[in-house]
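Working notes for the structure below.
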Amino acid sequence: MIEAVQPVDVRASIVEKFRRDLIGPSPRPEDADLATERLKENPSRWYLAGFLAPADDPLTQEGGNEGEAQAEMQDDADTEVAEPADDGAGGAAGDADLPDAPVAKRRFLPSSIGLTVLLPPDVREIEARVTWGDYCTEPPLPEAILLPDESGATDDDSKGKKKGRPPVDWVRIPKEQMVRLKIADGRGPRVVVPESAAPQRAGGGLALESHSRRFAFPTPNGQEEVRALTVFLVNRRALVHRFYADVSFVFQARIELICPDGFRPRVDLSGYRAEDFDLRVADLHYRDVCEYAVGRNSAAAWDPVEEKASFLMPLARIASSTL
């Protein structure tokens, strides 16, 4: 008898194929065949997402302050309900207006990913497991060829070819580091990930930057106090000539936070003590629905098995992967 394939399994298979095709291999055993892959073209053209450019690169948003700007705007305690706009997309006013002319926007490359979690208020240290992939040129190139021009690392490929820069293959090197992260009120100290400089370009590296604050919110069981923590992984490597820019890029970047004391759930309190009867009923029906992390330029995930047991045993691991 042939066992029927479940729709959820089909969907999961499609998602995995898209992830491998658009982002690349993860640390999981299922991706062992791509762990040390060899590409004939630049990895940033082969993979459309999931990589981080150096923060000092002119093509990165906010000139390298992306992680800091997002830390300032974190909305960990936000429980408000977004109000609808006055003129909806289907309203008469919207239909009568002429469509705006499309504006060509410059494409900015991300330089950081982040993860926001809620912790017990007295937690002062956690662990972060950082994994990524470096792609090195094959054959190896001397660092003199990789240095950016004096005018900056903005030359396009055609100019690079005119200067006689040799074509290369790209070989992936999987990387992993465990980092202990001290938690301080406000902005925490920058922590450099060990051995995270580009293999073919000395200088700089990956950095973990954090921001935390304590706050309290009302629950049916009384006031609950938690610590909101946002951790960013920022690419602060030295720049490379644009023709070989992928040498300093970070591919398949991933952060996994580990806290022995567990993580606190983030619940939707928009219907708590609401005057609207339907909102109160919805709040009752979905009282067990929560999330344990919010991604910044990334997708957050946690173990669903541990989530089911979270009322007895708090979660210990939360991961964030690049989009």
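Identifiers in this document derive from the order of the structure tokens: chains are assigned A, B, ..., residues are numbered from 1 separately in each chain, and ligands are numbered from 1 in order of occurrence.
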
Practice item. Within 12 Å of Ile145 (chain A), counting only C-alpha atoms, which residues show up once you throw out same-chain ones fewer than 4 positions away? Write them as JSON, numbers by chain, please. Key: {"A": [137, 140, 141, 149, 160, 163, 164, 165, 166, 200, 201, 240, 241, 242, 243, 244, 245, 247]}

Practice item. Skip Met178 (chain A) itself and residues of its chain fewer than 4 positions away, then list as number ranges by chain all residues within 10 Å of it, counting only C-alpha atoms. Key: A: 127-131, 193-194, 255-257

Atoms kept (C-alpha atoms) for selection, written as a short mmCIF file (atom, residue, chain, number, x, y, z; two decimals), in the first residue's frame:
data_model
loop_
_atom_site.label_atom_id
_atom_site.label_comp_id
_atom_site.auth_asym_id
_atom_site.auth_seq_id
_atom_site.Cartn_x
_atom_site.Cartn_y
_atom_site.Cartn_z
CA GLU A 127 25.66 32.44 24.15
CA ALA A 128 25.51 33.10 20.43
CA ARG A 129 26.34 30.50 17.81
CA VAL A 130 27.29 32.22 14.56
CA THR A 131 27.54 30.23 11.33
CA VAL A 193 33.56 37.12 16.42
CA PRO A 194 36.88 35.21 16.64
CA ILE A 255 22.67 33.59 14.53
CA GLU A 256 21.50 31.16 17.17
CA LEU A 257 20.94 32.51 20.69
#

Exercise for review: For region 112-120 of chain A, please output as a PyMOL selection string all residues within 8 Å (counting only C-alpha atoms; exclusion window: fewer than 4 positions along the same chain).
Suggested key: chain A and resi 52+55+66-67+76+225-235+255+261-266+292-298+300+320-322

Writing out the chosen residues with C-alpha atoms as a JSON list (two decimals), in the first residue's frame:
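The resulting again-v9.json:
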[["chain", "number", "residue", "atom", "x", "y", "z"],
["A", 52, "LEU", "CA", 25.92, 40.50, 4.02],
["A", 55, "ALA", "CA", 29.28, 47.88, 6.50],
["A", 66, "GLU", "CA", 22.12, 49.81, 9.54],
["A", 67, "GLY", "CA", 22.40, 47.69, 12.67],
["A", 76, "ASP", "CA", 9.92, 44.88, 21.44],
["A", 225, "GLU", "CA", 8.76, 42.12, 33.82],
["A", 226, "VAL", "CA", 11.09, 41.01, 31.05],
["A", 227, "ARG", "CA", 14.28, 42.11, 29.31],
["A", 228, "ALA", "CA", 14.08, 42.84, 25.59],
["A", 229, "LEU", "CA", 17.34, 42.02, 23.83],
["A", 230, "THR", "CA", 18.25, 42.72, 20.23],
["A", 231, "VAL", "CA", 21.44, 41.16, 18.84],
["A", 232, "PHE", "CA", 22.87, 42.16, 15.47],
["A", 233, "LEU", "CA", 25.48, 40.36, 13.42],
["A", 234, "VAL", "CA", 27.30, 43.04, 11.40],
["A", 235, "ASN", "CA", 29.82, 42.50, 8.62],
["A", 255, "ILE", "CA", 22.67, 33.59, 14.53],
["A", 261, "ASP", "CA", 17.13, 30.33, 31.60],
["A", 262, "GLY", "CA", 14.95, 30.18, 28.49],
["A", 263, "PHE", "CA", 13.10, 32.83, 26.54],
["A", 264, "ARG", "CA", 9.85, 34.55, 27.43],
["A", 265, "PRO", "CA", 6.95, 34.39, 24.95],
["A", 266, "ARG", "CA", 5.80, 37.57, 23.23],
["A", 292, "TYR", "CA", 9.50, 33.88, 20.81],
["A", 293, "ALA", "CA", 11.56, 36.05, 18.48],
["A", 294, "VAL", "CA", 11.38, 38.76, 15.82],
["A", 295, "GLY", "CA", 13.88, 38.84, 12.97],
["A", 296, "ARG", "CA", 15.62, 41.99, 11.72],
["A", 297, "ASN", "CA", 16.51, 41.61, 8.05],
["A", 298, "SER", "CA", 16.08, 37.92, 8.78],
["A", 300, "ALA", "CA", 13.32, 33.89, 13.16],
["A", 320, "SER", "CA", 17.80, 33.73, 12.98],
["A", 321, "SER", "CA", 18.76, 33.21, 9.35],
["A", 322, "THR", "CA", 19.29, 35.68, 6.55]]

Exercise for review: Report the distance between CA of Arg213 (chain A) and CA of Asp185 (chain A) in Å, rounded to one decimal place.
Suggested key: 5.6 Å

Practice item. Work out how far CA of Gln177 (chain A) is from CA of Glu195 (chain A), in Å to one decimal. Key: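 Interatomic distance, CA of Glu195 (chain A) to CA of Gln177 (chain A): 8.2 Å.
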